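*Asks:* See protein-v1.cif below, with mmCIF, C-alpha atoms (C1' of nucleotides).
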data_input
#
loop_
_atom_site.label_atom_id
_atom_site.label_comp_id
_atom_site.auth_asym_id
_atom_site.auth_seq_id
_atom_site.Cartn_x
_atom_site.Cartn_y
_atom_site.Cartn_z
CA MET A 1 8.79 7.44 6.27
CA LYS A 2 11.69 7.71 3.86
CA ALA A 3 12.30 9.36 0.50
CA ALA A 4 12.02 12.87 1.81
CA ALA A 5 14.26 13.82 -1.07
CA SER A 6 11.56 13.89 -3.74
CA GLN A 7 8.84 15.71 -1.85
CA SER A 8 10.56 19.03 -1.65
CA GLU A 9 9.04 19.91 1.68
CA ALA A 10 5.82 18.88 3.34
CA LEU A 11 2.65 20.93 2.95
CA SER A 12 1.72 23.20 5.83
CA PRO A 13 -1.71 22.80 7.43
CA PHE A 14 -2.69 26.06 5.81
CA GLU A 15 -1.74 24.79 2.36
CA VAL A 16 -3.54 21.53 3.00
CA GLU A 17 -6.68 23.40 3.89
CA VAL A 18 -6.61 25.50 0.74
CA ILE A 19 -5.90 22.48 -1.44
CA ASP A 20 -8.71 20.57 0.18
CA LEU A 21 -11.07 23.39 -0.66
CA PHE A 22 -10.12 23.25 -4.32
CA VAL A 23 -10.38 19.47 -4.39
CA ARG A 24 -14.02 19.92 -3.46
CA VAL A 25 -14.63 22.59 -6.02
CA ALA A 26 -13.10 20.29 -8.62
CA SER A 27 -15.38 17.43 -7.72
CA LEU A 28 -18.32 19.82 -7.82
CA LEU A 29 -17.32 20.62 -11.40
CA GLY A 30 -16.86 16.95 -12.21
CA MET A 31 -13.10 17.14 -12.41
CA PRO A 32 -10.59 14.68 -11.01
CA ARG A 33 -9.29 15.17 -7.56
CA SER A 34 -5.76 15.62 -8.84
CA VAL A 35 -6.83 18.62 -10.87
CA GLY A 36 -8.16 20.29 -7.75
CA GLU A 37 -4.98 19.48 -5.88
CA ILE A 38 -2.76 20.97 -8.56
CA TYR A 39 -4.77 24.12 -8.90
CA GLY A 40 -4.96 24.49 -5.13
CA LEU A 41 -1.22 24.11 -4.72
CA LEU A 42 -0.53 26.69 -7.41
CA TYR A 43 -3.15 28.96 -5.92
CA VAL A 44 -1.44 29.12 -2.52
CA ALA A 45 2.10 29.11 -3.88
CA PRO A 46 3.81 32.47 -3.55
CA GLU A 47 5.78 31.83 -6.75
CA PRO A 48 5.57 29.79 -9.96
CA LEU A 49 6.21 26.06 -9.47
CA PRO A 50 7.77 23.53 -11.82
CA MET A 51 6.11 20.21 -12.39
CA GLU A 52 8.69 18.41 -10.29
CA THR A 53 7.66 20.39 -7.23
CA ILE A 54 3.99 19.75 -7.90
CA VAL A 55 4.67 16.03 -8.13
CA GLY A 56 6.84 16.10 -5.02
CA LYS A 57 4.58 18.14 -2.76
CA LEU A 58 1.33 16.51 -3.76
CA GLN A 59 2.83 13.03 -4.05
CA ILE A 60 1.12 12.30 -7.31
CA SER A 61 2.53 10.68 -10.43
CA LEU A 62 4.12 12.53 -13.30
CA GLY A 63 1.31 11.27 -15.49
CA SER A 64 -1.38 12.81 -13.30
CA ALA A 65 0.50 16.05 -13.07
CA SER A 66 0.98 16.24 -16.80
CA GLN A 67 -2.66 15.49 -17.57
CA GLY A 68 -3.98 17.71 -14.83
CA LEU A 69 -1.88 20.63 -15.97
CA ARG A 70 -2.98 20.13 -19.52
CA LEU A 71 -6.63 20.28 -18.52
CA LEU A 72 -6.06 23.32 -16.35
CA ARG A 73 -4.18 25.05 -19.13
CA SER A 74 -6.88 24.15 -21.62
CA PHE A 75 -9.26 26.52 -19.96
CA GLY A 76 -6.74 29.01 -18.75
CA ALA A 77 -6.83 28.20 -15.03
CA VAL A 78 -3.09 27.73 -15.05
CA LYS A 79 -0.43 29.39 -17.13
CA PRO A 80 3.13 28.41 -17.89
CA GLN A 81 5.55 31.10 -16.88
CA TYR A 82 9.14 31.57 -17.87
CA VAL A 83 11.47 31.78 -14.91
CA ALA A 84 14.89 33.24 -15.59
CA GLY A 85 17.75 30.79 -15.34
CA GLN A 86 15.45 27.80 -14.98
CA ARG A 87 15.34 25.07 -17.49
CA ARG A 88 11.85 23.82 -16.83
CA ASP A 89 8.60 25.59 -17.42
CA HIS A 90 6.98 26.84 -14.25
CA PHE A 91 3.28 27.27 -13.64
CA VAL A 92 1.09 29.87 -12.01
CA ALA A 93 -2.60 29.83 -11.18
CA GLU A 94 -4.90 32.29 -12.87
CA THR A 95 -6.75 33.94 -10.02
CA GLU A 96 -9.03 36.38 -11.80
CA LEU A 97 -12.54 35.07 -11.32
CA ARG A 98 -13.65 36.60 -14.59
CA ALA A 99 -10.90 34.86 -16.55
CA LEU A 100 -11.55 31.55 -14.83
CA LEU A 101 -15.27 31.58 -15.48
CA SER A 102 -14.81 32.75 -19.01
CA GLY A 103 -12.28 30.01 -19.81
CA TYR A 104 -14.40 27.39 -18.15
CA PHE A 105 -17.52 28.30 -20.07
CA GLN A 106 -15.64 28.67 -23.30
CA GLU A 107 -14.02 25.27 -23.11
CA GLN A 108 -16.25 23.13 -20.94
CA VAL A 109 -19.75 24.48 -21.40
CA TYR A 110 -20.01 26.15 -24.76
CA PRO A 111 -19.06 23.04 -26.78
CA HIS A 112 -22.00 21.21 -25.24
CA LEU A 113 -24.37 24.01 -26.16
CA GLN A 114 -22.93 23.98 -29.64
CA ASN A 115 -23.56 20.27 -29.77
CA GLY A 116 -27.09 20.94 -28.62
CA THR A 117 -27.80 22.83 -31.80
CA GLY A 118 -27.15 19.69 -33.82
CA ARG A 119 -29.23 17.59 -31.52
CA LEU A 120 -32.19 19.87 -31.80
CA ALA A 121 -32.02 19.74 -35.57
CA SER A 122 -31.96 15.97 -35.39
CA LEU A 123 -34.93 15.99 -33.04
CA GLN A 124 -36.89 18.06 -35.53
CA ARG A 125 -36.25 15.38 -38.14
CA SER A 126 -37.30 12.53 -35.82
CA LEU A 127 -40.37 14.54 -34.99
CA ALA A 128 -41.47 14.52 -38.60
CA GLU A 129 -41.48 10.71 -38.63
CA LEU A 130 -43.85 10.48 -35.71
CA PRO A 131 -47.43 9.27 -36.11
CA PRO A 132 -49.79 12.28 -36.13
CA ALA A 133 -51.36 11.33 -32.81
CA GLN A 134 -48.10 11.94 -30.97
CA LYS A 135 -46.82 14.77 -33.06
CA LYS A 136 -48.51 17.62 -31.34
CA ILE A 137 -47.24 16.95 -27.84
CA ALA A 138 -43.82 15.96 -29.10
CA ARG A 139 -43.57 19.25 -30.92
CA GLN A 140 -44.36 21.11 -27.72
CA ARG A 141 -41.53 19.31 -25.98
CA VAL A 142 -39.05 20.10 -28.69
CA ASP A 143 -40.16 23.70 -28.77
CA ARG A 144 -39.50 23.99 -25.08
CA LEU A 145 -36.06 22.48 -25.51
CA GLU A 146 -35.32 25.07 -28.14
CA ARG A 147 -36.33 27.87 -25.84
CA TRP A 148 -34.07 26.47 -23.10
CA HIS A 149 -31.24 26.23 -25.55
CA LYS A 150 -31.74 29.81 -26.65
CA THR A 151 -31.85 31.01 -23.07
CA ALA A 152 -28.67 29.13 -22.23
CA LEU A 153 -26.85 30.70 -25.13
CA GLU A 154 -28.00 34.12 -24.02
CA MET A 155 -26.88 33.50 -20.49
CA LEU A 156 -23.23 32.87 -21.29
CA PRO A 157 -22.27 36.47 -21.98
CA MET A 158 -24.32 37.59 -19.01
CA VAL A 159 -22.52 35.29 -16.61
CA ARG A 160 -19.28 36.66 -17.91
CA LYS A 161 -20.52 40.13 -17.14
CA LEU A 162 -21.57 39.18 -13.63
CA SER A 163 -18.04 38.29 -12.68
CA GLU A 164 -16.74 41.61 -13.90
CA LYS A 165 -17.52 43.06 -10.52
CA MET B 1 -35.42 -11.34 -26.58
CA LYS B 2 -38.08 -12.34 -24.09
CA ALA B 3 -39.84 -10.74 -21.13
CA ALA B 4 -41.69 -8.19 -23.19
CA ALA B 5 -44.28 -8.21 -20.46
CA SER B 6 -42.46 -5.92 -18.04
CA GLN B 7 -41.26 -3.27 -20.45
CA SER B 8 -44.64 -1.80 -21.21
CA GLU B 9 -43.72 -0.86 -24.73
CA ALA B 10 -40.42 -0.06 -26.37
CA LEU B 11 -39.18 3.51 -26.62
CA SER B 12 -39.59 5.25 -29.96
CA PRO B 13 -36.51 6.67 -31.67
CA PHE B 14 -37.79 10.10 -30.81
CA GLU B 15 -38.02 9.25 -27.14
CA VAL B 16 -34.59 7.67 -27.22
CA GLU B 17 -33.14 10.84 -28.64
CA VAL B 18 -34.67 13.06 -26.00
CA ILE B 19 -33.59 10.74 -23.22
CA ASP B 20 -30.09 10.61 -24.59
CA LEU B 21 -29.97 14.39 -24.51
CA PHE B 22 -30.89 14.45 -20.83
CA VAL B 23 -28.43 11.70 -20.02
CA ARG B 24 -25.72 14.03 -21.26
CA VAL B 25 -27.03 16.99 -19.35
CA ALA B 26 -27.05 14.83 -16.23
CA SER B 27 -23.46 13.80 -16.68
CA LEU B 28 -22.56 17.44 -17.25
CA LEU B 29 -24.09 18.19 -13.87
CA GLY B 30 -22.33 15.24 -12.28
CA MET B 31 -25.45 13.15 -11.88
CA PRO B 32 -25.87 9.46 -12.56
CA ARG B 33 -26.94 8.36 -15.96
CA SER B 34 -30.11 6.85 -14.57
CA VAL B 35 -31.21 10.24 -13.27
CA GLY B 36 -30.93 11.70 -16.75
CA GLU B 37 -32.84 8.78 -18.19
CA ILE B 38 -35.69 9.14 -15.74
CA TYR B 39 -36.02 12.86 -16.19
CA GLY B 40 -35.80 12.49 -19.95
CA LEU B 41 -38.53 9.88 -20.02
CA LEU B 42 -40.82 12.00 -17.88
CA TYR B 43 -40.00 15.02 -19.99
CA VAL B 44 -41.21 13.40 -23.21
CA ALA B 45 -44.09 11.56 -21.66
CA PRO B 46 -47.46 13.08 -22.53
CA GLU B 47 -48.86 12.06 -19.17
CA PRO B 48 -47.70 11.25 -15.62
CA LEU B 49 -45.95 7.88 -15.29
CA PRO B 50 -45.86 5.45 -12.38
CA MET B 51 -42.57 4.01 -11.26
CA GLU B 52 -43.39 0.65 -12.76
CA THR B 53 -43.54 2.17 -16.23
CA ILE B 54 -40.29 4.00 -15.70
CA VAL B 55 -38.61 0.77 -14.68
CA GLY B 56 -40.16 -1.10 -17.57
CA LYS B 57 -39.43 1.36 -20.34
CA LEU B 58 -35.93 2.26 -19.25
CA GLN B 59 -35.05 -1.26 -18.17
CA ILE B 60 -33.50 -0.14 -14.94
CA SER B 61 -33.87 -1.64 -11.50
CA LEU B 62 -36.45 -0.57 -8.96
CA GLY B 63 -33.61 0.57 -6.74
CA SER B 64 -32.24 2.93 -9.36
CA ALA B 65 -35.66 4.28 -10.13
CA SER B 66 -36.45 4.91 -6.50
CA GLN B 67 -33.15 6.65 -5.82
CA GLY B 68 -33.22 8.61 -9.03
CA LEU B 69 -36.73 9.84 -8.39
CA ARG B 70 -35.81 10.84 -4.88
CA LEU B 71 -32.91 12.94 -6.14
CA LEU B 72 -35.04 14.51 -8.84
CA ARG B 73 -37.76 15.30 -6.36
CA SER B 74 -35.23 16.72 -3.92
CA PHE B 75 -34.63 19.67 -6.19
CA GLY B 76 -38.06 19.81 -7.71
CA ALA B 77 -37.25 18.49 -11.18
CA VAL B 78 -39.95 15.89 -10.81
CA LYS B 79 -43.21 16.01 -8.94
CA PRO B 80 -45.53 13.26 -7.76
CA GLN B 81 -48.99 13.67 -9.15
CA TYR B 82 -52.21 12.11 -8.06
CA VAL B 83 -53.99 10.24 -10.81
CA ALA B 84 -57.64 9.45 -10.21
CA GLY B 85 -58.41 5.81 -9.76
CA GLN B 86 -54.75 4.79 -9.65
CA ARG B 87 -53.21 3.26 -6.65
CA ARG B 88 -49.62 4.23 -7.31
CA ASP B 89 -48.13 7.65 -7.30
CA HIS B 90 -47.39 8.99 -10.74
CA PHE B 91 -44.64 11.43 -11.66
CA VAL B 92 -44.35 14.42 -13.94
CA ALA B 93 -41.31 16.44 -15.00
CA GLU B 94 -41.08 20.07 -14.00
CA THR B 95 -40.37 21.87 -17.24
CA GLU B 96 -40.12 25.49 -16.16
CA LEU B 97 -36.49 26.46 -16.59
CA ARG B 98 -36.77 28.98 -13.80
CA ALA B 99 -38.05 26.41 -11.34
CA LEU B 100 -35.44 23.86 -12.36
CA LEU B 101 -32.53 26.23 -11.98
CA SER B 102 -33.85 27.59 -8.77
CA GLY B 103 -34.29 24.14 -7.25
CA TYR B 104 -30.92 23.02 -8.47
CA PHE B 105 -29.10 25.97 -6.99
CA GLN B 106 -31.04 25.79 -3.79
CA GLU B 107 -30.30 22.14 -3.18
CA GLN B 108 -27.10 21.37 -5.02
CA VAL B 109 -25.12 24.58 -5.08
CA TYR B 110 -26.12 26.71 -2.16
CA PRO B 111 -25.19 24.13 0.52
CA HIS B 112 -21.63 24.14 -0.80
CA LEU B 113 -21.45 27.90 -0.64
CA GLN B 114 -22.80 27.73 2.86
CA ASN B 115 -20.11 25.24 3.70
CA GLY B 116 -17.59 27.63 2.18
CA THR B 117 -18.36 30.18 4.87
CA GLY B 118 -17.16 27.76 7.52
CA ARG B 119 -14.07 26.89 5.56
CA LEU B 120 -13.09 30.48 5.16
CA ALA B 121 -13.39 31.07 8.88
CA SER B 122 -11.20 28.05 9.48
CA LEU B 123 -8.67 29.36 6.99
CA GLN B 124 -8.50 32.64 8.85
CA ARG B 125 -7.60 30.72 11.98
CA SER B 126 -4.89 28.67 10.24
CA LEU B 127 -3.59 31.89 8.82
CA ALA B 128 -2.94 33.26 12.28
CA GLU B 129 -0.65 30.32 13.09
CA LEU B 130 1.55 30.96 10.09
CA PRO B 131 5.13 32.27 10.49
CA PRO B 132 5.19 35.99 9.74
CA ALA B 133 7.26 35.53 6.58
CA GLN B 134 4.42 33.66 4.87
CA LYS B 135 1.57 35.52 6.44
CA LYS B 136 1.32 38.39 4.04
CA ILE B 137 0.95 36.41 0.85
CA ALA B 138 -1.27 33.85 2.52
CA ARG B 139 -3.57 36.62 3.64
CA GLN B 140 -3.82 37.89 0.10
CA ARG B 141 -4.88 34.44 -1.04
CA VAL B 142 -7.53 34.11 1.60
CA ASP B 143 -8.79 37.59 0.87
CA ARG B 144 -9.24 36.67 -2.74
CA LEU B 145 -11.11 33.53 -1.77
CA GLU B 146 -13.44 35.64 0.31
CA ARG B 147 -14.13 37.94 -2.60
CA TRP B 148 -14.92 34.95 -4.79
CA HIS B 149 -17.22 33.59 -2.16
CA LYS B 150 -19.01 36.88 -1.85
CA THR B 151 -19.40 37.16 -5.60
CA ALA B 152 -20.77 33.63 -5.83
CA LEU B 153 -23.37 34.38 -3.18
CA GLU B 154 -24.40 37.49 -5.04
CA MET B 155 -24.69 35.61 -8.29
CA LEU B 156 -27.29 33.14 -7.11
CA PRO B 157 -30.26 35.50 -7.11
CA MET B 158 -29.08 37.00 -10.38
CA VAL B 159 -28.99 33.65 -12.13
CA ARG B 160 -32.49 33.07 -10.92
CA LYS B 161 -33.50 36.35 -12.48
CA LEU B 162 -31.86 35.51 -15.78
CA SER B 163 -34.09 32.53 -16.29
CA GLU B 164 -37.19 34.59 -15.71
CA LYS B 165 -37.26 35.50 -19.39
"C1'" DC C 1 -56.16 -5.43 10.76
"C1'" DA C 2 -54.34 -9.06 7.82
"C1'" DA C 3 -53.09 -9.58 3.20
"C1'" DT C 4 -51.25 -7.64 -0.69
"C1'" DT C 5 -49.00 -4.25 -3.35
"C1'" DT C 6 -45.59 -0.65 -3.70
"C1'" DT C 7 -41.54 1.73 -2.30
"C1'" DT C 8 -37.25 2.24 0.09
"C1'" DT C 9 -32.92 0.81 1.75
"C1'" DC C 10 -28.53 -1.12 1.51
"C1'" DA C 11 -24.89 -4.80 0.87
"C1'" DT C 12 -22.93 -6.63 -3.18
"C1'" DT C 13 -21.61 -6.53 -8.00
"C1'" DT C 14 -20.74 -4.07 -12.07
"C1'" DT C 15 -19.21 -0.23 -14.54
"C1'" DT C 16 -16.82 3.87 -15.04
"C1'" DT C 17 -13.28 6.97 -13.97
"C1'" DC C 18 -8.77 8.13 -12.18
"C1'" DT C 19 -4.06 7.21 -11.22
"C1'" DT C 20 0.05 5.05 -11.99
"C1'" DG C 21 4.36 3.67 -14.12
"C1'" DA C 22 6.95 2.79 -17.89
"C1'" DA C 23 7.95 3.48 -22.64
"C1'" DA C 24 8.01 6.93 -26.28
"C1'" DT C 25 8.57 11.43 -27.58
"C1'" DG C 26 10.36 15.89 -27.31
"C1'" DA C 27 13.48 19.71 -25.79
"C1'" DG C 28 17.63 21.71 -24.26
"C1'" DT C 29 22.69 21.71 -23.96
"C1'" DG C 30 27.64 20.93 -24.45
"C1'" DC D 1 24.21 15.98 -33.21
"C1'" DA D 2 24.57 12.89 -29.34
"C1'" DC D 3 23.43 12.98 -24.67
"C1'" DT D 4 20.65 14.16 -20.83
"C1'" DC D 5 16.76 15.76 -18.68
"C1'" DA D 6 11.79 16.74 -18.98
"C1'" DT D 7 7.21 15.81 -20.59
"C1'" DT D 8 3.61 13.24 -22.71
"C1'" DT D 9 1.11 9.19 -23.75
"C1'" DC D 10 -1.21 5.13 -22.81
"C1'" DA D 11 -2.04 0.29 -21.16
"C1'" DA D 12 -2.91 -1.78 -16.82
"C1'" DG D 13 -4.21 -1.54 -12.08
"C1'" DA D 14 -6.67 0.87 -8.26
"C1'" DA D 15 -10.28 3.52 -6.58
"C1'" DA D 16 -14.75 5.54 -6.79
"C1'" DA D 17 -19.42 5.73 -8.32
"C1'" DA D 18 -23.58 3.68 -9.87
"C1'" DA D 19 -26.77 -0.17 -10.62
"C1'" DT D 20 -28.70 -4.26 -9.01
"C1'" DG D 21 -31.50 -7.36 -6.33
"C1'" DA D 22 -33.34 -8.88 -2.34
"C1'" DA D 23 -34.92 -7.93 2.21
"C1'" DA D 24 -37.28 -4.51 5.11
"C1'" DA D 25 -40.54 -0.97 5.56
"C1'" DA D 26 -44.53 1.52 4.30
"C1'" DA D 27 -48.89 2.13 2.31
"C1'" DT D 28 -53.33 0.60 0.56
"C1'" DT D 29 -57.42 -2.04 0.51
"C1'" DG D 30 -60.93 -5.56 1.28
#
Turn this file's structure into structure tokens for me.
*Replies:*
Amino acid sequence: MKAAASQSEALSPFEVEVIDLFVRVASLLGMPRSVGEIYGLLYVAPEPLPMETIVGKLQISLGSASQGLRLLRSFGAVKPQYVAGQRRDHFVAETELRALLSGYFQEQVYPHLQNGTGRLASLQRSLAELPPAQKKIARQRVDRLERWHKTALEMLPMVRKLSEK
Amino acid sequence: MKAAASQSEALSPFEVEVIDLFVRVASLLGMPRSVGEIYGLLYVAPEPLPMETIVGKLQISLGSASQGLRLLRSFGAVKPQYVAGQRRDHFVAETELRALLSGYFQEQVYPHLQNGTGRLASLQRSLAELPPAQKKIARQRVDRLERWHKTALEMLPMVRKLSEK
DNA sequence: CAATTTTTTCATTTTTTCTTGAAATGAGTG
DNA sequence: CACTCATTTCAAGAAAAAATGAAAAAATTG
């Protein structure tokens, strides 16, 4: 094993364990492994880390790090933080459950529900084209979808509240 | 285009639209496309469908259909239904939101939370091995993870309640 | 209970998704 | 404002996930 220069310092077993946990959470949420790794590393880190350290410790490419950080920033799971006397931006993990959930729903869930509104409208139009024999049952199905959609929209603020603790 | 024999009858635009919607929901939940297709087809269908029809209408392989149905049954999104005078099992979609969410959490979410309990215990052990200088901050991190875990466990029954409507 | 039909399983192939690495862009500094 | 260092972008390659198809198992029926 060479090139110890670029990897800052190896991860401790403790860090590995925490990172592994977040890798699994990421895959549960349908996010790339690297995203879990990055968040996990920042979560255990006692201080803000620059991208170079992330790349070095996790042994991932600059490209992955850049993309992963962008995604994490997009829903507020990671924040850039100014560090005095340092040229590069450093990053910290957001650890407030409420903020994490809220950002995640806002950016990853809500757009789909929004999209659902359009789809339901389109379904109503397709419904009108249907031969009368099928119309009745089809309408029941669409009605149910609309109730689900409504419920989902109502649930968002409630989930946010739940994590207020 | 040949082999019209096996595909029962083509999907109507309305059906296609509903199926497409469920395909997206499936991918949102990290499930294979085919699972969304199958559920979607059963959701629009006015009556229970045998596997052969599912395979024919969706143009998927028997293997996919069998595996997809198994997954869907595993969390109660689809139920086998006896149809008089028919040899094969037929399937219907569960359409109660409450039942769907409950089954999904029970089978797909809860096991991970359960697993989390073990991981946290393991983390506590790794923590003990840490050099004193790092121990304090590491303990804070683990403590926070435990609070998250606790909150998540508390949320399950509440989510179930939400969908009671 | 043998023959037939249906379903499941699983190795292989196909498709999709993720990661990489290098070039382009952007930012900071002397 | 030119030079250096840092970040982003994106095409190509690698890895992971899903679908297929055929063989095995299970169930049904005459």
*Asks:* With range 12-30 of chain C as the partner and 8 Å as the cut-off, tabulate the residues of chain D that qualify, each row holding the nearest pair of atoms and their distance in Å to one decimal, using only C-alpha atoms (C1' of nucleotides), sorted by chain and rising number, as a Markdown table.
*Replies:*
| residue | atom | partner | partner_atom | distance |
| --- | --- | --- | --- | --- |
| D:DA6 | C1' | C:DA27 | C1' | 7.6 |
| D:DT7 | C1' | C:DG26 | C1' | 7.4 |
| D:DT8 | C1' | C:DT25 | C1' | 7.2 |
| D:DT9 | C1' | C:DA24 | C1' | 7.7 |
| D:DG13 | C1' | C:DT20 | C1' | 7.8 |
| D:DA14 | C1' | C:DT19 | C1' | 7.5 |
| D:DA15 | C1' | C:DC18 | C1' | 7.4 |
| D:DA16 | C1' | C:DT17 | C1' | 7.5 |
| D:DA17 | C1' | C:DT16 | C1' | 7.4 |
| D:DA18 | C1' | C:DT15 | C1' | 7.5 |
| D:DA19 | C1' | C:DT14 | C1' | 7.3 |
| D:DT20 | C1' | C:DT13 | C1' | 7.5 |
*Asks:* Would you compute the distance between CA of Ser27 in chain A and CA of Gln59 in chain B? Give it in Å to one decimal.
*Replies:*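 So the answer is 29.1 Å.
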*Asks:* Evaluate the PyMOL selection byres ((chain B and resi 76) around 9) and record the selected residues as a PDB file with C-alpha atoms, keeping the file's coordinate frame, following the chain and residue labels used in the document.
*Replies:*
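Result file follows (selection-v6.pdb):
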ATOM      1  CA  LEU B  71     -32.910  12.940  -6.140  1.00  0.00           C
ATOM      2  CA  LEU B  72     -35.040  14.510  -8.840  1.00  0.00           C
ATOM      3  CA  ARG B  73     -37.760  15.300  -6.360  1.00  0.00           C
ATOM      4  CA  SER B  74     -35.230  16.720  -3.920  1.00  0.00           C
ATOM      5  CA  PHE B  75     -34.630  19.670  -6.190  1.00  0.00           C
ATOM      6  CA  ALA B  77     -37.250  18.490 -11.180  1.00  0.00           C
ATOM      7  CA  VAL B  78     -39.950  15.890 -10.810  1.00  0.00           C
ATOM      8  CA  LYS B  79     -43.210  16.010  -8.940  1.00  0.00           C
ATOM      9  CA  ALA B  93     -41.310  16.440 -15.000  1.00  0.00           C
ATOM     10  CA  GLU B  94     -41.080  20.070 -14.000  1.00  0.00           C
ATOM     11  CA  ALA B  99     -38.050  26.410 -11.340  1.00  0.00           C
ATOM     12  CA  LEU B 100     -35.440  23.860 -12.360  1.00  0.00           C
ATOM     13  CA  SER B 102     -33.850  27.590  -8.770  1.00  0.00           C
ATOM     14  CA  GLY B 103     -34.290  24.140  -7.250  1.00  0.00           C
ATOM     15  CA  TYR B 104     -30.920  23.020  -8.470  1.00  0.00           C
TER      16      TYR B 104
END
*Asks:* If I take CA of Ile19 in chain B and CA of Gln108 in chain A, how far is one from the other in Å, to one decimal?
*Replies:*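 Spanning CA of Ile19 in chain B to CA of Gln108 in chain A is a straight-line distance of 21.4 Å.
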*Asks:* Identify all residues satisfying the PyMOL selection byres ((chain D and resi 23) around 12) in the given file; provide them as a PyMOL selection string.
*Replies:* (chain C and resi 8-11) or (chain D and resi 21-22+24-25)
*Asks:* Taking the file as shown, find all residues satisfying the PyMOL selection byres ((chain A) within 8 of (chain D)) and write them as a list in words.
*Replies:*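 With the PyMOL selection byres ((chain A) within 8 of (chain D)) on this model, the match is Gly63, Ser66 and Arg88 of chain A.
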*Asks:* What is the distance between CA of Thr151 in chain A and CA of Met155 in chain B, in Å to one decimal?
*Replies:*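 Atom-to-atom, CA of Thr151 in chain A and CA of Met155 in chain B are spaced 17.1 Å apart.
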*Asks:* Step by step: locate range 13-24 of chain D in the block above, keep N, CA and C atoms (P, O5', C5', C4', C3', O3' and C1' of nucleotides), then write the file as a tab-separated table (two decimals), in the first residue's frame.
*Replies:*
chain	number	residue	atom	x	y	z
D	13	DG	P	-14.58	3.48	-22.72
D	13	DG	O5'	-14.52	2.92	-21.23
D	13	DG	C5'	-13.52	3.40	-20.32
D	13	DG	C4'	-13.86	2.89	-18.94
D	13	DG	C3'	-14.06	1.38	-18.87
D	13	DG	O3'	-13.28	0.92	-17.76
D	13	DG	C1'	-15.99	2.49	-18.02
D	14	DA	P	-13.40	-0.55	-17.19
D	14	DA	O5'	-14.43	-0.33	-16.00
D	14	DA	C5'	-14.09	0.53	-14.92
D	14	DA	C4'	-15.03	0.25	-13.76
D	14	DA	C3'	-15.18	-1.23	-13.40
D	14	DA	O3'	-15.11	-1.29	-11.99
D	14	DA	C1'	-17.31	-0.31	-13.92
D	15	DA	P	-15.40	-2.59	-11.16
D	15	DA	O5'	-16.91	-2.34	-10.73
D	15	DA	C5'	-17.26	-1.15	-10.02
D	15	DA	C4'	-18.72	-1.22	-9.65
D	15	DA	C3'	-19.14	-2.53	-9.02
D	15	DA	O3'	-19.84	-2.18	-7.84
D	15	DA	C1'	-20.57	-2.01	-10.84
D	16	DA	P	-20.57	-3.23	-6.92
D	16	DA	O5'	-22.09	-3.02	-7.35
D	16	DA	C5'	-22.64	-1.70	-7.34
D	16	DA	C4'	-24.10	-1.78	-7.73
D	16	DA	C3'	-24.88	-2.89	-7.03
D	16	DA	O3'	-26.08	-2.29	-6.58
D	16	DA	C1'	-25.12	-3.08	-9.37
D	17	DA	P	-27.23	-3.07	-5.86
D	17	DA	O5'	-28.31	-3.18	-7.01
D	17	DA	C5'	-28.73	-1.99	-7.69
D	17	DA	C4'	-29.77	-2.36	-8.71
D	17	DA	C3'	-30.83	-3.32	-8.18
D	17	DA	O3'	-32.07	-2.76	-8.53
D	17	DA	C1'	-29.84	-4.18	-10.16
D	18	DA	P	-33.45	-3.46	-8.32
D	18	DA	O5'	-33.72	-4.07	-9.77
D	18	DA	C5'	-33.79	-3.18	-10.88
D	18	DA	C4'	-34.12	-3.96	-12.12
D	18	DA	C3'	-35.34	-4.86	-12.00
D	18	DA	O3'	-36.14	-4.61	-13.14
D	18	DA	C1'	-33.49	-6.10	-12.80
D	19	DA	P	-37.43	-5.36	-13.50
D	19	DA	O5'	-36.93	-6.33	-14.66
D	19	DA	C5'	-36.52	-5.74	-15.89
D	19	DA	C4'	-36.25	-6.85	-16.89
D	19	DA	C3'	-37.42	-7.82	-17.07
D	19	DA	O3'	-37.62	-7.99	-18.46
D	19	DA	C1'	-35.44	-9.01	-16.46
D	20	DT	P	-38.67	-9.01	-19.00
D	20	DT	O5'	-37.74	-10.26	-19.35
D	20	DT	C5'	-36.62	-10.05	-20.21
D	20	DT	C4'	-35.84	-11.35	-20.35
D	20	DT	C3'	-36.70	-12.54	-20.79
D	20	DT	O3'	-36.14	-13.03	-21.99
D	20	DT	C1'	-35.28	-13.11	-18.94
D	21	DG	P	-36.90	-13.97	-22.97
D	21	DG	O5'	-36.36	-15.41	-22.55
D	21	DG	C5'	-34.96	-15.63	-22.50
D	21	DG	C4'	-34.70	-17.03	-21.94
D	21	DG	C3'	-35.72	-18.08	-22.37
D	21	DG	O3'	-35.02	-19.31	-22.43
D	21	DG	C1'	-35.75	-17.93	-20.04
D	22	DA	P	-35.44	-20.50	-23.36
D	22	DA	O5'	-34.75	-21.75	-22.65
D	22	DA	C5'	-33.55	-21.56	-21.90
D	22	DA	C4'	-33.63	-22.41	-20.64
D	22	DA	C3'	-34.45	-23.69	-20.81
D	22	DA	O3'	-33.88	-24.67	-19.97
D	22	DA	C1'	-35.33	-22.46	-19.06
D	23	DA	P	-34.10	-26.25	-20.23
D	23	DA	O5'	-33.49	-26.91	-18.92
D	23	DA	C5'	-32.61	-26.16	-18.07
D	23	DA	C4'	-33.03	-26.35	-16.63
D	23	DA	C3'	-33.64	-27.71	-16.31
D	23	DA	O3'	-33.21	-28.10	-15.01
D	23	DA	C1'	-35.18	-26.05	-15.72
D	24	DA	P	-33.51	-29.50	-14.37
D	24	DA	O5'	-34.32	-29.12	-13.06
D	24	DA	C5'	-33.72	-28.28	-12.09
D	24	DA	C4'	-34.77	-27.91	-11.05
D	24	DA	C3'	-35.44	-29.10	-10.40
D	24	DA	O3'	-35.46	-28.88	-9.00
D	24	DA	C1'	-37.07	-27.65	-11.31
